[in-house]
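Presented below is the structure to which this report refers.
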Amino acid sequence: MVWQKPVKRTDAWSDQEFDALPATLTLRMIRLRVAAKGFRTRTVVLVTTLLDPVAYPGDALRELYGERWNVELHFHQIKTMLAMDVLRCKSPS
């Protein structure tokens, strides 16, 4: 699939950043079926710039996605246990 650069930039991008974006971006879309015991089976769409299906098979990307998801869950548990799930800070001044 090919994504086209938007005609208008959003406020998230400066003029320089927006101008530096390519006109198109070629991507690969992989549909993954995620099943976990005790949870509803879901379909997840993974979009990646890893275009070569031989070098990066869908099953390998599915496995990596699952590992990454588990890492994020562990980070969440650690933050909750250490009461760091809500971080407060002072302004730089």
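Each chain in the structure tokens gets a letter, A, B, ..., in the order shown, and its residues are numbered from 1; ligands are numbered from 1 in order too.
Residues of range 35-80 of chain A carrying a DSSP assignment of alpha helix (DSSP H), computed from the backbone, are Gly58, Asp59, Ala60, Leu61, Arg62, Glu63, Leu64, Tyr65, Gly66, Glu67, Arg68, Trp69, Asn70, Val71, Glu72, Leu73, His74, Phe75, His76, Gln77, Ile78, Lys79 and Thr80 of chain A.
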Fewer than 2 positions away in the same chain doesn't count, so skip those; otherwise give me all residues within 7 Å of Val2 in chain A, counting only C-alpha atoms, as a PDB file with N, CA and C atoms, in the first residue's frame.
```pdb
ATOM      1  N   GLN A   4      -0.148   8.599   0.813  1.00  0.00           N
ATOM      2  CA  GLN A   4       0.163   9.896   0.220  1.00  0.00           C
ATOM      3  C   GLN A   4       0.367  10.922   1.327  1.00  0.00           C
ATOM      4  N   THR A  24       5.268  10.248  -0.923  1.00  0.00           N
ATOM      5  CA  THR A  24       4.570   8.978  -0.695  1.00  0.00           C
ATOM      6  C   THR A  24       5.412   8.097   0.218  1.00  0.00           C
ATOM      7  N   LEU A  25       4.760   7.140   0.821  1.00  0.00           N
ATOM      8  CA  LEU A  25       5.429   6.189   1.697  1.00  0.00           C
ATOM      9  C   LEU A  25       4.859   4.803   1.401  1.00  0.00           C
ATOM     10  N   THR A  26       5.708   3.882   0.961  1.00  0.00           N
ATOM     11  CA  THR A  26       5.273   2.532   0.654  1.00  0.00           C
ATOM     12  C   THR A  26       5.313   1.704   1.932  1.00  0.00           C
ATOM     13  N   LEU A  27       4.198   1.054   2.224  1.00  0.00           N
ATOM     14  CA  LEU A  27       4.042   0.298   3.469  1.00  0.00           C
ATOM     15  C   LEU A  27       3.490  -1.087   3.195  1.00  0.00           C
TER      16      LEU A  27
END
```
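CA of Thr80 in chain A to CA of Gly66 in chain A spans 21.3 Å [interatomic distance, one decimal].
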### Interatomic distance (Å, one decimal) between CA of Val47 in chain A and CA of Arg28 in chain A
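These two atoms are separated by 5.7 Å.
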### Message
So, with only C-alpha atoms as the atoms that count, which of A:Thr10, A:Thr41, A:Thr48, A:Ser91 lies closest to Tyr65 in chain A?
### Response
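Of A:Thr10, A:Thr41, A:Thr48, A:Ser91, the one nearest Tyr65 in chain A is A:Thr48, counting only C-alpha atoms.
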### Query
So which residues of range 1-92 of chain A fall under strand (DSSP E) by DSSP, listed as a ChimeraX atom specification?
/A:2-4,24-26,28-34,42-48
Deliver the residues from the most recent selection as a file, using N, CA, C and O atoms, as a PDB file, in the first residue's frame.
```pdb
ATOM      1  N   VAL A   2       0.355   2.315  -0.516  1.00  0.00           N
ATOM      2  CA  VAL A   2       1.109   3.572  -0.586  1.00  0.00           C
ATOM      3  C   VAL A   2       0.305   4.656   0.106  1.00  0.00           C
ATOM      4  O   VAL A   2      -0.869   4.859  -0.200  1.00  0.00           O
ATOM      5  N   TRP A   3       0.941   5.299   1.048  1.00  0.00           N
ATOM      6  CA  TRP A   3       0.308   6.436   1.731  1.00  0.00           C
ATOM      7  C   TRP A   3       0.781   7.706   1.061  1.00  0.00           C
ATOM      8  O   TRP A   3       1.967   7.897   0.809  1.00  0.00           O
ATOM      9  N   GLN A   4      -0.148   8.599   0.813  1.00  0.00           N
ATOM     10  CA  GLN A   4       0.163   9.896   0.220  1.00  0.00           C
ATOM     11  C   GLN A   4       0.367  10.922   1.327  1.00  0.00           C
ATOM     12  O   GLN A   4      -0.322  10.891   2.340  1.00  0.00           O
ATOM     13  N   THR A  24       5.268  10.248  -0.923  1.00  0.00           N
ATOM     14  CA  THR A  24       4.570   8.978  -0.695  1.00  0.00           C
ATOM     15  C   THR A  24       5.412   8.097   0.218  1.00  0.00           C
ATOM     16  O   THR A  24       6.632   8.291   0.344  1.00  0.00           O
ATOM     17  N   LEU A  25       4.760   7.140   0.821  1.00  0.00           N
ATOM     18  CA  LEU A  25       5.429   6.189   1.697  1.00  0.00           C
ATOM     19  C   LEU A  25       4.859   4.803   1.401  1.00  0.00           C
ATOM     20  O   LEU A  25       3.651   4.583   1.543  1.00  0.00           O
ATOM     21  N   THR A  26       5.708   3.882   0.961  1.00  0.00           N
ATOM     22  CA  THR A  26       5.273   2.532   0.654  1.00  0.00           C
ATOM     23  C   THR A  26       5.313   1.704   1.932  1.00  0.00           C
ATOM     24  O   THR A  26       6.327   1.666   2.625  1.00  0.00           O
ATOM     25  N   ARG A  28       3.661  -1.950   4.146  1.00  0.00           N
ATOM     26  CA  ARG A  28       3.120  -3.307   4.097  1.00  0.00           C
ATOM     27  C   ARG A  28       2.112  -3.447   5.223  1.00  0.00           C
ATOM     28  O   ARG A  28       2.394  -3.086   6.361  1.00  0.00           O
ATOM     29  N   MET A  29       0.939  -3.959   4.900  1.00  0.00           N
ATOM     30  CA  MET A  29      -0.114  -4.143   5.898  1.00  0.00           C
ATOM     31  C   MET A  29      -0.303  -5.642   6.121  1.00  0.00           C
ATOM     32  O   MET A  29      -0.495  -6.399   5.180  1.00  0.00           O
ATOM     33  N   ILE A  30      -0.241  -6.040   7.390  1.00  0.00           N
ATOM     34  CA  ILE A  30      -0.392  -7.449   7.758  1.00  0.00           C
ATOM     35  C   ILE A  30      -1.517  -7.551   8.767  1.00  0.00           C
ATOM     36  O   ILE A  30      -1.514  -6.857   9.787  1.00  0.00           O
ATOM     37  N   ARG A  31      -2.469  -8.410   8.495  1.00  0.00           N
ATOM     38  CA  ARG A  31      -3.552  -8.662   9.454  1.00  0.00           C
ATOM     39  C   ARG A  31      -3.135  -9.823  10.345  1.00  0.00           C
ATOM     40  O   ARG A  31      -2.741 -10.872   9.859  1.00  0.00           O
ATOM     41  N   LEU A  32      -3.214  -9.604  11.644  1.00  0.00           N
ATOM     42  CA  LEU A  32      -2.817 -10.615  12.617  1.00  0.00           C
ATOM     43  C   LEU A  32      -4.028 -11.030  13.435  1.00  0.00           C
ATOM     44  O   LEU A  32      -4.811 -10.193  13.874  1.00  0.00           O
ATOM     45  N   ARG A  33      -4.161 -12.306  13.651  1.00  0.00           N
ATOM     46  CA  ARG A  33      -5.203 -12.808  14.538  1.00  0.00           C
ATOM     47  C   ARG A  33      -4.562 -13.029  15.897  1.00  0.00           C
ATOM     48  O   ARG A  33      -3.625 -13.813  16.021  1.00  0.00           O
ATOM     49  N   VAL A  34      -5.032 -12.316  16.881  1.00  0.00           N
ATOM     50  CA  VAL A  34      -4.455 -12.387  18.225  1.00  0.00           C
ATOM     51  C   VAL A  34      -5.430 -13.134  19.122  1.00  0.00           C
ATOM     52  O   VAL A  34      -6.556 -12.689  19.332  1.00  0.00           O
ATOM     53  N   ARG A  42      -8.997 -11.280  18.553  1.00  0.00           N
ATOM     54  CA  ARG A  42      -9.097 -10.000  17.852  1.00  0.00           C
ATOM     55  C   ARG A  42      -8.251 -10.041  16.583  1.00  0.00           C
ATOM     56  O   ARG A  42      -7.277 -10.782  16.503  1.00  0.00           O
ATOM     57  N   THR A  43      -8.590  -9.200  15.657  1.00  0.00           N
ATOM     58  CA  THR A  43      -7.774  -9.000  14.468  1.00  0.00           C
ATOM     59  C   THR A  43      -7.080  -7.654  14.610  1.00  0.00           C
ATOM     60  O   THR A  43      -7.719  -6.645  14.882  1.00  0.00           O
ATOM     61  N   VAL A  44      -5.763  -7.669  14.464  1.00  0.00           N
ATOM     62  CA  VAL A  44      -4.956  -6.466  14.581  1.00  0.00           C
ATOM     63  C   VAL A  44      -4.303  -6.224  13.226  1.00  0.00           C
ATOM     64  O   VAL A  44      -3.844  -7.163  12.572  1.00  0.00           O
ATOM     65  N   VAL A  45      -4.267  -4.981  12.802  1.00  0.00           N
ATOM     66  CA  VAL A  45      -3.594  -4.632  11.554  1.00  0.00           C
ATOM     67  C   VAL A  45      -2.244  -4.021  11.910  1.00  0.00           C
ATOM     68  O   VAL A  45      -2.172  -3.017  12.617  1.00  0.00           O
ATOM     69  N   LEU A  46      -1.196  -4.644  11.433  1.00  0.00           N
ATOM     70  CA  LEU A  46       0.166  -4.172  11.662  1.00  0.00           C
ATOM     71  C   LEU A  46       0.648  -3.516  10.368  1.00  0.00           C
ATOM     72  O   LEU A  46       0.614  -4.140   9.310  1.00  0.00           O
ATOM     73  N   VAL A  47       1.059  -2.267  10.439  1.00  0.00           N
ATOM     74  CA  VAL A  47       1.571  -1.546   9.274  1.00  0.00           C
ATOM     75  C   VAL A  47       3.062  -1.338   9.496  1.00  0.00           C
ATOM     76  O   VAL A  47       3.485  -0.861  10.545  1.00  0.00           O
ATOM     77  N   THR A  48       3.857  -1.714   8.495  1.00  0.00           N
ATOM     78  CA  THR A  48       5.300  -1.678   8.658  1.00  0.00           C
ATOM     79  C   THR A  48       5.982  -1.214   7.371  1.00  0.00           C
ATOM     80  O   THR A  48       5.403  -1.305   6.287  1.00  0.00           O
TER      81      THR A  48
END
```
#### Entry: Residue among A:Val7, A:Met1, A:Arg62, A:Arg68 lying closest to Ala35 in chain A, counting only C-alpha atoms
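Nearest to Ala35 in chain A: A:Arg62.
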### Task
Please provide as a VMD selection string all residues within 10 Å of Lys5 in chain A, with the sequence filter that same-chain residues fewer than 5 positions apart are discarded (counting only C-alpha atoms).
chain A and resid 18 to 19 21 to 25
Resulting file, chosen residues, C-alpha atoms, as a compact mmCIF listing (two decimals), in the first residue's frame:
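File written: out_39.txt
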```
# COMPACT_ATOMS: atom_id res chain seq x y z
CA PHE A 18 6.37 18.86 6.86
CA ASP A 19 8.39 19.89 3.80
CA LEU A 21 8.38 14.42 4.46
CA PRO A 22 8.38 12.30 1.29
CA ALA A 23 5.44 12.68 -1.11
CA THR A 24 4.57 8.98 -0.69
CA LEU A 25 5.43 6.19 1.70
```
### Summary
Between CA of Ala60 in chain A and CA of Gln77 in chain A lies a distance of 26.0 Å
